[in-house]
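Text of the file upload14.pdb, holding PDB, C-alpha atoms and all ligand atoms:
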```pdb
ATOM      1  CA  MET A   1       0.000   0.000   0.000  1.00  0.00           C
ATOM      2  CA  ALA A   2       1.251   3.527  -0.825  1.00  0.00           C
ATOM      3  CA  GLU A   3       2.687   5.486   2.068  1.00  0.00           C
ATOM      4  CA  LEU A   4       0.203   7.990   3.481  1.00  0.00           C
ATOM      5  CA  THR A   5       1.124  11.593   2.671  1.00  0.00           C
ATOM      6  CA  TRP A   6      -0.696  14.921   3.038  1.00  0.00           C
ATOM      7  CA  GLU A   7      -1.131  14.966  -0.739  1.00  0.00           C
ATOM      8  CA  ILE A   8      -2.896  11.588  -0.643  1.00  0.00           C
ATOM      9  CA  PHE A   9      -5.015  12.669   2.338  1.00  0.00           C
ATOM     10  CA  HIS A  10      -6.170  15.871   0.600  1.00  0.00           C
ATOM     11  CA  ARG A  11      -6.915  14.039  -2.654  1.00  0.00           C
ATOM     12  CA  GLN A  12      -8.931  11.385  -0.789  1.00  0.00           C
ATOM     13  CA  VAL A  13     -11.012  14.044   0.983  1.00  0.00           C
ATOM     14  CA  GLU A  14     -11.517  16.062  -2.213  1.00  0.00           C
ATOM     15  CA  THR A  15     -12.782  13.038  -4.169  1.00  0.00           C
ATOM     16  CA  CYS A  16     -14.677  11.406  -1.289  1.00  0.00           C
ATOM     17  CA  ALA A  17     -18.273  10.333  -1.911  1.00  0.00           C
ATOM     18  CA  MET A  18     -18.545   7.781   0.891  1.00  0.00           C
ATOM     19  CA  CYS A  19     -21.671   9.400   2.352  1.00  0.00           C
ATOM     20  CA  PRO A  20     -24.372  11.691   0.934  1.00  0.00           C
ATOM     21  CA  LEU A  21     -23.113  14.822   2.719  1.00  0.00           C
ATOM     22  CA  HIS A  22     -20.907  15.833  -0.226  1.00  0.00           C
ATOM     23  CA  GLU A  23     -23.948  16.260  -2.481  1.00  0.00           C
ATOM     24  CA  GLY A  24     -25.075  19.719  -1.367  1.00  0.00           C
ATOM     25  CA  ILE A  25     -21.807  21.388  -0.384  1.00  0.00           C
ATOM     26  CA  ARG A  26     -19.748  24.222  -1.853  1.00  0.00           C
ATOM     27  CA  HIS A  27     -16.376  23.111  -0.501  1.00  0.00           C
ATOM     28  CA  LYS A  28     -14.879  20.194   1.340  1.00  0.00           C
ATOM     29  CA  VAL A  29     -13.333  21.325   4.646  1.00  0.00           C
ATOM     30  CA  PRO A  30     -10.445  18.958   5.398  1.00  0.00           C
ATOM     31  CA  GLY A  31      -8.881  21.008   8.224  1.00  0.00           C
ATOM     32  CA  GLN A  32      -5.810  23.189   8.455  1.00  0.00           C
ATOM     33  CA  GLY A  33      -2.964  24.375  10.644  1.00  0.00           C
ATOM     34  CA  ASP A  34       0.513  23.239  11.594  1.00  0.00           C
ATOM     35  CA  PRO A  35       0.869  19.792   9.930  1.00  0.00           C
ATOM     36  CA  ALA A  36       3.148  18.618  12.752  1.00  0.00           C
ATOM     37  CA  ALA A  37       1.381  20.337  15.653  1.00  0.00           C
ATOM     38  CA  PRO A  38       1.581  18.592  19.027  1.00  0.00           C
ATOM     39  CA  LEU A  39      -1.904  19.976  19.745  1.00  0.00           C
ATOM     40  CA  MET A  40      -4.973  19.211  17.638  1.00  0.00           C
ATOM     41  CA  PHE A  41      -8.559  20.489  17.946  1.00  0.00           C
ATOM     42  CA  ILE A  42     -11.462  18.456  16.586  1.00  0.00           C
ATOM     43  CA  GLY A  43     -14.936  19.968  16.127  1.00  0.00           C
ATOM     44  CA  GLU A  44     -18.165  18.577  14.709  1.00  0.00           C
ATOM     45  CA  GLY A  45     -18.531  19.655  11.106  1.00  0.00           C
ATOM     46  CA  PRO A  46     -18.259  22.724   8.873  1.00  0.00           C
ATOM     47  CA  GLY A  47     -20.870  25.463   9.188  1.00  0.00           C
ATOM     48  CA  GLN A  48     -21.976  27.938   6.531  1.00  0.00           C
ATOM     49  CA  VAL A  49     -18.874  30.151   6.508  1.00  0.00           C
ATOM     50  CA  GLU A  50     -16.568  27.116   6.582  1.00  0.00           C
ATOM     51  CA  ASP A  51     -18.458  25.600   3.623  1.00  0.00           C
ATOM     52  CA  GLU A  52     -18.066  28.858   1.691  1.00  0.00           C
ATOM     53  CA  GLU A  53     -14.350  29.189   2.425  1.00  0.00           C
ATOM     54  CA  GLY A  54     -13.210  25.551   2.625  1.00  0.00           C
ATOM     55  CA  LEU A  55     -11.552  26.214   6.003  1.00  0.00           C
ATOM     56  CA  ALA A  56     -12.398  24.841   9.458  1.00  0.00           C
ATOM     57  CA  PHE A  57     -13.555  27.157  12.252  1.00  0.00           C
ATOM     58  CA  VAL A  58     -13.502  30.477  10.413  1.00  0.00           C
ATOM     59  CA  GLY A  59     -17.103  31.564  11.235  1.00  0.00           C
ATOM     60  CA  PRO A  60     -18.388  32.925  14.561  1.00  0.00           C
ATOM     61  CA  ALA A  61     -17.541  29.722  16.506  1.00  0.00           C
ATOM     62  CA  GLY A  62     -14.050  29.819  14.984  1.00  0.00           C
ATOM     63  CA  GLN A  63     -13.533  33.400  16.086  1.00  0.00           C
ATOM     64  CA  LEU A  64     -14.405  32.388  19.637  1.00  0.00           C
ATOM     65  CA  LEU A  65     -12.019  29.420  19.357  1.00  0.00           C
ATOM     66  CA  THR A  66      -9.253  31.838  18.322  1.00  0.00           C
ATOM     67  CA  ARG A  67      -9.963  33.929  21.439  1.00  0.00           C
ATOM     68  CA  MET A  68      -9.964  30.818  23.662  1.00  0.00           C
ATOM     69  CA  LEU A  69      -6.517  29.919  22.306  1.00  0.00           C
ATOM     70  CA  ALA A  70      -5.266  33.471  22.738  1.00  0.00           C
ATOM     71  CA  ALA A  71      -6.424  33.370  26.378  1.00  0.00           C
ATOM     72  CA  ILE A  72      -3.671  30.821  27.045  1.00  0.00           C
ATOM     73  CA  SER A  73      -1.227  32.439  24.604  1.00  0.00           C
ATOM     74  CA  LEU A  74      -1.535  29.820  21.863  1.00  0.00           C
ATOM     75  CA  PRO A  75      -1.214  31.226  18.340  1.00  0.00           C
ATOM     76  CA  ARG A  76      -3.799  29.539  16.103  1.00  0.00           C
ATOM     77  CA  ASP A  77      -1.332  28.782  13.339  1.00  0.00           C
ATOM     78  CA  ARG A  78       0.695  26.554  15.695  1.00  0.00           C
ATOM     79  CA  VAL A  79      -2.145  24.071  16.240  1.00  0.00           C
ATOM     80  CA  TYR A  80      -4.032  21.811  13.825  1.00  0.00           C
ATOM     81  CA  ILE A  81      -7.825  22.238  13.548  1.00  0.00           C
ATOM     82  CA  CYS A  82     -10.319  19.900  11.882  1.00  0.00           C
ATOM     83  CA  ASN A  83     -13.750  18.295  12.260  1.00  0.00           C
ATOM     84  CA  ILE A  84     -15.348  14.873  12.568  1.00  0.00           C
ATOM     85  CA  VAL A  85     -17.014  15.330   9.138  1.00  0.00           C
ATOM     86  CA  LYS A  86     -15.411  17.234   6.283  1.00  0.00           C
ATOM     87  CA  CYS A  87     -18.670  18.228   4.536  1.00  0.00           C
ATOM     88  CA  ARG A  88     -21.291  20.606   5.941  1.00  0.00           C
ATOM     89  CA  PRO A  89     -24.427  18.777   7.123  1.00  0.00           C
ATOM     90  CA  PRO A  90     -27.612  20.440   5.778  1.00  0.00           C
ATOM     91  CA  ASN A  91     -28.830  23.238   8.087  1.00  0.00           C
ATOM     92  CA  ASN A  92     -25.884  22.506  10.405  1.00  0.00           C
ATOM     93  CA  ARG A  93     -27.585  19.430  11.813  1.00  0.00           C
ATOM     94  CA  VAL A  94     -25.544  16.960  13.870  1.00  0.00           C
ATOM     95  CA  PRO A  95     -23.822  14.425  11.565  1.00  0.00           C
ATOM     96  CA  GLU A  96     -25.524  11.038  11.558  1.00  0.00           C
ATOM     97  CA  GLU A  97     -23.628   8.041  12.922  1.00  0.00           C
ATOM     98  CA  ALA A  98     -23.140   6.586   9.425  1.00  0.00           C
ATOM     99  CA  GLU A  99     -21.778   9.913   8.142  1.00  0.00           C
ATOM    100  CA  ALA A 100     -19.357  10.276  11.048  1.00  0.00           C
ATOM    101  CA  ASN A 101     -18.255   6.652  10.622  1.00  0.00           C
ATOM    102  CA  ALA A 102     -17.709   7.092   6.879  1.00  0.00           C
ATOM    103  CA  CYS A 103     -15.514  10.137   7.561  1.00  0.00           C
ATOM    104  CA  LYS A 104     -13.436   8.410  10.266  1.00  0.00           C
ATOM    105  CA  LEU A 105     -10.988   7.099   7.670  1.00  0.00           C
ATOM    106  CA  HIS A 106     -10.028  10.709   6.929  1.00  0.00           C
ATOM    107  CA  LEU A 107      -9.785  11.632  10.607  1.00  0.00           C
ATOM    108  CA  ARG A 108      -7.622   8.587  11.340  1.00  0.00           C
ATOM    109  CA  ASN A 109      -5.310   9.507   8.464  1.00  0.00           C
ATOM    110  CA  GLN A 110      -5.122  13.064   9.716  1.00  0.00           C
ATOM    111  CA  VAL A 111      -4.200  11.992  13.249  1.00  0.00           C
ATOM    112  CA  ALA A 112      -1.609   9.569  11.792  1.00  0.00           C
ATOM    113  CA  LEU A 113      -0.032  12.412   9.780  1.00  0.00           C
ATOM    114  CA  VAL A 114      -0.050  15.100  12.497  1.00  0.00           C
ATOM    115  CA  ARG A 115       0.768  12.709  15.385  1.00  0.00           C
ATOM    116  CA  PRO A 116      -0.475  15.137  18.068  1.00  0.00           C
ATOM    117  CA  LYS A 117       0.409  14.545  21.716  1.00  0.00           C
ATOM    118  CA  VAL A 118      -2.755  16.279  22.910  1.00  0.00           C
ATOM    119  CA  ILE A 119      -6.216  16.436  21.273  1.00  0.00           C
ATOM    120  CA  VAL A 120      -8.982  18.789  22.417  1.00  0.00           C
ATOM    121  CA  LEU A 121     -12.478  17.568  21.547  1.00  0.00           C
ATOM    122  CA  LEU A 122     -14.883  20.417  20.970  1.00  0.00           C
ATOM    123  CA  GLY A 123     -18.360  19.251  21.943  1.00  0.00           C
ATOM    124  CA  SER A 124     -20.301  16.061  22.195  1.00  0.00           C
ATOM    125  CA  THR A 125     -20.018  14.859  18.569  1.00  0.00           C
ATOM    126  CA  ALA A 126     -16.225  15.116  18.637  1.00  0.00           C
ATOM    127  CA  ALA A 127     -15.940  13.461  22.062  1.00  0.00           C
ATOM    128  CA  LYS A 128     -18.335  10.587  21.325  1.00  0.00           C
ATOM    129  CA  ASN A 129     -16.727   9.789  17.974  1.00  0.00           C
ATOM    130  CA  THR A 130     -13.216   9.650  19.391  1.00  0.00           C
ATOM    131  CA  ILE A 131     -13.309   8.648  23.077  1.00  0.00           C
ATOM    132  CA  GLY A 132     -16.547   6.646  22.862  1.00  0.00           C
ATOM    133  CA  PRO A 133     -20.351   6.904  22.796  1.00  0.00           C
ATOM    134  CA  GLU A 134     -20.552   6.761  26.601  1.00  0.00           C
ATOM    135  CA  VAL A 135     -18.955  10.210  26.986  1.00  0.00           C
ATOM    136  CA  ARG A 136     -21.229  12.945  28.349  1.00  0.00           C
ATOM    137  CA  ILE A 137     -19.850  16.397  27.704  1.00  0.00           C
ATOM    138  CA  THR A 138     -21.446  18.023  30.775  1.00  0.00           C
ATOM    139  CA  ARG A 139     -20.085  15.256  33.021  1.00  0.00           C
ATOM    140  CA  ASP A 140     -16.739  14.558  31.341  1.00  0.00           C
ATOM    141  CA  ARG A 141     -15.552  17.963  30.122  1.00  0.00           C
ATOM    142  CA  GLY A 142     -12.275  19.027  31.650  1.00  0.00           C
ATOM    143  CA  ARG A 143     -11.234  15.381  32.354  1.00  0.00           C
ATOM    144  CA  TRP A 144      -8.224  13.812  30.681  1.00  0.00           C
ATOM    145  CA  PHE A 145      -8.552  10.575  28.716  1.00  0.00           C
ATOM    146  CA  ASN A 146      -5.540   8.733  27.322  1.00  0.00           C
ATOM    147  CA  SER A 147      -5.611   6.562  24.230  1.00  0.00           C
ATOM    148  CA  LYS A 148      -2.369   4.820  23.225  1.00  0.00           C
ATOM    149  CA  GLY A 149      -0.292   7.635  24.705  1.00  0.00           C
ATOM    150  CA  THR A 150      -2.335  10.507  23.248  1.00  0.00           C
ATOM    151  CA  TRP A 151      -4.008  12.819  25.783  1.00  0.00           C
ATOM    152  CA  MET A 152      -7.580  13.814  24.988  1.00  0.00           C
ATOM    153  CA  LEU A 153      -9.586  16.582  26.652  1.00  0.00           C
ATOM    154  CA  PRO A 154     -13.309  17.032  25.967  1.00  0.00           C
ATOM    155  CA  THR A 155     -14.682  20.541  26.399  1.00  0.00           C
ATOM    156  CA  TYR A 156     -17.681  22.543  25.248  1.00  0.00           C
ATOM    157  CA  HIS A 157     -18.050  23.386  21.580  1.00  0.00           C
ATOM    158  CA  PRO A 158     -17.576  27.145  21.034  1.00  0.00           C
ATOM    159  CA  SER A 159     -21.075  27.283  19.462  1.00  0.00           C
ATOM    160  CA  ALA A 160     -22.484  26.051  22.790  1.00  0.00           C
ATOM    161  CA  LEU A 161     -20.645  28.918  24.510  1.00  0.00           C
ATOM    162  CA  LEU A 162     -22.136  31.403  22.057  1.00  0.00           C
ATOM    163  CA  ARG A 163     -25.618  30.038  22.833  1.00  0.00           C
ATOM    164  CA  ASP A 164     -25.076  29.861  26.593  1.00  0.00           C
ATOM    165  CA  PRO A 165     -22.422  32.287  27.893  1.00  0.00           C
ATOM    166  CA  ASP A 166     -22.858  30.837  31.424  1.00  0.00           C
ATOM    167  CA  LYS A 167     -20.742  27.903  30.225  1.00  0.00           C
ATOM    168  CA  LYS A 168     -17.770  30.170  29.515  1.00  0.00           C
ATOM    169  CA  ARG A 169     -16.408  29.942  33.049  1.00  0.00           C
ATOM    170  CA  GLU A 170     -16.086  26.133  32.777  1.00  0.00           C
ATOM    171  CA  ALA A 171     -14.584  26.445  29.289  1.00  0.00           C
ATOM    172  CA  TRP A 172     -12.043  28.877  30.711  1.00  0.00           C
ATOM    173  CA  GLU A 173     -11.168  26.296  33.420  1.00  0.00           C
ATOM    174  CA  ASP A 174     -10.712  23.691  30.668  1.00  0.00           C
ATOM    175  CA  MET A 175      -8.276  25.997  28.848  1.00  0.00           C
ATOM    176  CA  GLN A 176      -6.275  26.287  32.082  1.00  0.00           C
ATOM    177  CA  THR A 177      -6.330  22.475  32.373  1.00  0.00           C
ATOM    178  CA  LEU A 178      -5.010  22.288  28.805  1.00  0.00           C
ATOM    179  CA  ARG A 179      -2.300  24.837  29.512  1.00  0.00           C
ATOM    180  CA  ASP A 180      -1.200  22.902  32.645  1.00  0.00           C
ATOM    181  CA  LYS A 181      -0.923  19.670  30.612  1.00  0.00           C
ATOM    182  CA  LEU A 182       1.125  21.389  27.880  1.00  0.00           C
ATOM    183  CA  ILE A 183       3.470  22.727  30.568  1.00  0.00           C
ATOM    184  CA  GLU A 184       3.670  19.262  32.233  1.00  0.00           C
ATOM    185  CA  LEU A 185       4.525  17.656  28.879  1.00  0.00           C
ATOM    186  CA  GLY A 186       7.165  20.311  28.155  1.00  0.00           C
ATOM    187  CA  LEU A 187       5.277  21.562  25.083  1.00  0.00           C
ATOM    188  CA  TYR A 188       4.136  24.998  26.173  1.00  0.00           C
ATOM    189  CA  LYS A 189       7.339  27.015  26.269  1.00  0.00           C
ATOM    190  CA  ASP A 190       9.244  25.328  23.465  1.00  0.00           C
ATOM    191  CA  ILE A 191       6.505  25.088  20.926  1.00  0.00           C
ATOM    192  CA  PHE A 192       4.119  27.892  21.658  1.00  0.00           C
ATOM    193  CA  GLY A 193       6.494  30.557  22.869  1.00  0.00           C
ATOM    194  CA  GLY A 194       4.677  30.792  26.208  1.00  0.00           C
ATOM    195  CA  THR A 195       6.314  32.304  29.233  1.00  0.00           C
ATOM    196  CA  GLU A 196       6.399  29.170  31.462  1.00  0.00           C
TER     197      GLU A 196
HETATM  198  N1  LIG B   1     -18.417  24.194  13.993  1.00  0.00           N
HETATM  199  C1  LIG B   1     -17.635  23.111  13.877  1.00  0.00           C
HETATM  200  O1  LIG B   1     -17.818  22.103  14.554  1.00  0.00           O
HETATM  201  N2  LIG B   1     -16.649  23.163  13.008  1.00  0.00           N
HETATM  202  C2  LIG B   1     -16.392  24.219  12.248  1.00  0.00           C
HETATM  203  O2  LIG B   1     -15.452  24.168  11.465  1.00  0.00           O
HETATM  204  C3  LIG B   1     -17.215  25.339  12.415  1.00  0.00           C
HETATM  205  C4  LIG B   1     -18.228  25.316  13.286  1.00  0.00           C
END
```
Do you think you could lay out the structure here as structure tokens?
Ligand code: URA
Amino acid sequence: MAELTWEIFHRQVETCAMCPLHEGIRHKVPGQGDPAAPLMFIGEGPGQVEDEEGLAFVGPAGQLLTRMLAAISLPRDRVYICNIVKCRPPNNRVPEEAEANACKLHLRNQVALVRPKVIVLLGSTAAKNTIGPEVRITRDRGRWFNSKGTWMLPTYHPSALLRDPDKKREAWEDMQTLRDKLIELGLYKDIFGGTE
């Protein structure tokens, strides 16, 4: 089998028709960022602005994500950002199980290429499709999970914070938890230019 490369990954996403989601879209949204980032963020699926631009998290939720990163001094271009599904679900509905499963090949390839040490799961869809269906975001957010040496932290999706600003305090705590882990793993200062 051919060795997996970013070129192969992007071609596979661009030509993918493994589920019906590709039928109504303007652009595939594979994900973007530092291709060797030690820190990866996974959301649910592209929204309207992402579908128009072909980039993950560039609409209102993405702007909030940028501010959440800035709050712990992480420049956005030093992390990798993607979604469970690479095509916008109609009317921004939650991706169906079959759609998320069909897209997992792409996500697995992406994780294999980036090889992140830490993954932040933004919202329930991201957490359930990576850690497992038993995860409950309200119960499990801010808790570390470890899978084969990779640390995974579920937290609220930025869209949930836009809908319910009362959740922002907990999301802020989760960003501190993330920062502490990056410091513990020796990633914060060296890679992100932080001060600790
Ligand atoms: N919501 C997501 O889950 N992903 C995006 O890229 C944008 C909004």
### Query
Taking all atoms listed in the file into account, which of A:Asn83, A:Ser147, A:Asn92, A:Ser159 comes nearest Ala126 (chain A)?
A:Asn83
Kindly assemble as CSV a list of the chain A residues that lie within 6 Å of ligand LIG 1 (chain B), each paired with its nearest atom pair and their distance in Å to one decimal, using all atoms listed in the file, sorted first by chain and then by ascending residue number.
```
residue,atom,partner,partner_atom,distance
A:Gly43,CA,B:LIG1,O1,3.9
A:Glu44,CA,B:LIG1,O1,3.5
A:Gly45,CA,B:LIG1,O1,4.3
A:Pro46,CA,B:LIG1,O2,4.1
A:Gly47,CA,B:LIG1,C3,4.9
A:Glu50,CA,B:LIG1,O2,5.8
A:Ala56,CA,B:LIG1,O2,3.7
A:Phe57,CA,B:LIG1,O2,3.6
A:Ala61,CA,B:LIG1,C4,5.5
A:Asn83,CA,B:LIG1,N2,5.7
```
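You will find CA of Glu52 (chain A) at 11.9 Å from CA of Gly24 (chain A).
Distances from A:Tyr80, A:Trp151, A:Trp6, A:Phe145 to Leu182 (chain A) were compared using all atoms listed in the file, and the smallest one belongs to A:Trp151.
Using only C-alpha atoms, the nearest neighbour of Lys104 (chain A) within the list A:Leu122, A:Val13, A:His22, A:Leu4 is A:Val13.
CA of Gln48 (chain A) is found 13.7 Å from CA of Leu21 (chain A).
Nearest residue to Pro60 (chain A) among A:Lys189, A:Lys168, A:Arg163, A:Arg78 is A:Arg163, counting only C-alpha atoms.
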Evaluate the PyMOL selection byres (((chain A and resi 20) around 12) and not hetatm) here and jot the selected residues down as a CSV table (one decimal) with C-alpha atoms, in the frame of the given file.
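Final output, saved to selection_18.csv:
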```csv
chain,number,residue,atom,x,y,z
A,16,CYS,CA,-14.7,11.4,-1.3
A,17,ALA,CA,-18.3,10.3,-1.9
A,18,MET,CA,-18.5,7.8,0.9
A,19,CYS,CA,-21.7,9.4,2.4
A,21,LEU,CA,-23.1,14.8,2.7
A,22,HIS,CA,-20.9,15.8,-0.2
A,23,GLU,CA,-23.9,16.3,-2.5
A,24,GLY,CA,-25.1,19.7,-1.4
A,25,ILE,CA,-21.8,21.4,-0.4
A,85,VAL,CA,-17.0,15.3,9.1
A,86,LYS,CA,-15.4,17.2,6.3
A,87,CYS,CA,-18.7,18.2,4.5
A,88,ARG,CA,-21.3,20.6,5.9
A,89,PRO,CA,-24.4,18.8,7.1
A,90,PRO,CA,-27.6,20.4,5.8
A,95,PRO,CA,-23.8,14.4,11.6
A,96,GLU,CA,-25.5,11.0,11.6
A,98,ALA,CA,-23.1,6.6,9.4
A,99,GLU,CA,-21.8,9.9,8.1
A,100,ALA,CA,-19.4,10.3,11.0
A,102,ALA,CA,-17.7,7.1,6.9
A,103,CYS,CA,-15.5,10.1,7.6
```
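One finds CA of Ala37 (chain A) at 15.7 Å from CA of Gly149 (chain A).
Shortest separation to Lys28 (chain A) among A:His10, A:His157, A:Arg67, A:Arg93 occurs at residue A:His10, atoms counted being all atoms listed in the file.
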### Query
Skipping near chain neighbours, those fewer than 4 positions away, what residues fall within 12 Å of Trp144 (chain A) using only C-alpha atoms, listed as a list of chain:residue names?
A:Val118, A:Ile119, A:Val120, A:Leu121, A:Ala127, A:Ile131, A:Val135, A:Asp140, A:Gly149, A:Thr150, A:Trp151, A:Met152, A:Leu153, A:Pro154, A:Thr155, A:Asp174, A:Thr177, A:Leu178, A:Asp180, A:Lys181
Restrict the selected residues to C-alpha atoms and save them as a CSV table (one decimal), in the coordinates of the input.
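And here is the file that came out, out_21.csv:
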```csv
chain,number,residue,atom,x,y,z
A,118,VAL,CA,-2.8,16.3,22.9
A,119,ILE,CA,-6.2,16.4,21.3
A,120,VAL,CA,-9.0,18.8,22.4
A,121,LEU,CA,-12.5,17.6,21.5
A,127,ALA,CA,-15.9,13.5,22.1
A,131,ILE,CA,-13.3,8.6,23.1
A,135,VAL,CA,-19.0,10.2,27.0
A,140,ASP,CA,-16.7,14.6,31.3
A,149,GLY,CA,-0.3,7.6,24.7
A,150,THR,CA,-2.3,10.5,23.2
A,151,TRP,CA,-4.0,12.8,25.8
A,152,MET,CA,-7.6,13.8,25.0
A,153,LEU,CA,-9.6,16.6,26.7
A,154,PRO,CA,-13.3,17.0,26.0
A,155,THR,CA,-14.7,20.5,26.4
A,174,ASP,CA,-10.7,23.7,30.7
A,177,THR,CA,-6.3,22.5,32.4
A,178,LEU,CA,-5.0,22.3,28.8
A,180,ASP,CA,-1.2,22.9,32.6
A,181,LYS,CA,-0.9,19.7,30.6
```
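With all atoms listed in the file as the basis for measurement, A:Phe41 is the residue among A:Thr5, A:Asn129, A:Phe41, A:Gly54 that approaches Met68 (chain A) most closely.
The residues caught by the PyMOL selection byres (((chain A and resi 113) around 12) and not hetatm) in this file are Glu3, Leu4, Thr5, Trp6, Glu7, Ile8, Phe9, His10, Asp34, Pro35, Ala36, Ala37, Pro38, Met40, Tyr80, His106, Leu107, Arg108, Asn109, Gln110, Val111, Ala112, Val114, Arg115 and Pro116 of chain A.
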Could you save those same residues with C-alpha atoms as a PDB file, in the frame of the given file?
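Generated file (selection01.pdb):
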```pdb
ATOM      1  CA  GLU A   3       2.687   5.486   2.068  1.00  0.00           C
ATOM      2  CA  LEU A   4       0.203   7.990   3.481  1.00  0.00           C
ATOM      3  CA  THR A   5       1.124  11.593   2.671  1.00  0.00           C
ATOM      4  CA  TRP A   6      -0.696  14.921   3.038  1.00  0.00           C
ATOM      5  CA  GLU A   7      -1.131  14.966  -0.739  1.00  0.00           C
ATOM      6  CA  ILE A   8      -2.896  11.588  -0.643  1.00  0.00           C
ATOM      7  CA  PHE A   9      -5.015  12.669   2.338  1.00  0.00           C
ATOM      8  CA  HIS A  10      -6.170  15.871   0.600  1.00  0.00           C
ATOM      9  CA  ASP A  34       0.513  23.239  11.594  1.00  0.00           C
ATOM     10  CA  PRO A  35       0.869  19.792   9.930  1.00  0.00           C
ATOM     11  CA  ALA A  36       3.148  18.618  12.752  1.00  0.00           C
ATOM     12  CA  ALA A  37       1.381  20.337  15.653  1.00  0.00           C
ATOM     13  CA  PRO A  38       1.581  18.592  19.027  1.00  0.00           C
ATOM     14  CA  MET A  40      -4.973  19.211  17.638  1.00  0.00           C
ATOM     15  CA  TYR A  80      -4.032  21.811  13.825  1.00  0.00           C
ATOM     16  CA  HIS A 106     -10.028  10.709   6.929  1.00  0.00           C
ATOM     17  CA  LEU A 107      -9.785  11.632  10.607  1.00  0.00           C
ATOM     18  CA  ARG A 108      -7.622   8.587  11.340  1.00  0.00           C
ATOM     19  CA  ASN A 109      -5.310   9.507   8.464  1.00  0.00           C
ATOM     20  CA  GLN A 110      -5.122  13.064   9.716  1.00  0.00           C
ATOM     21  CA  VAL A 111      -4.200  11.992  13.249  1.00  0.00           C
ATOM     22  CA  ALA A 112      -1.609   9.569  11.792  1.00  0.00           C
ATOM     23  CA  VAL A 114      -0.050  15.100  12.497  1.00  0.00           C
ATOM     24  CA  ARG A 115       0.768  12.709  15.385  1.00  0.00           C
ATOM     25  CA  PRO A 116      -0.475  15.137  18.068  1.00  0.00           C
TER      26      PRO A 116
END
```
### Residue list as a VMD selection string for point (-1.8, 30.6, 23.2), cut-off 10 Å, all atoms listed in the file
chain A and resid 66 to 76 78 to 79 175 179 188 192 to 194
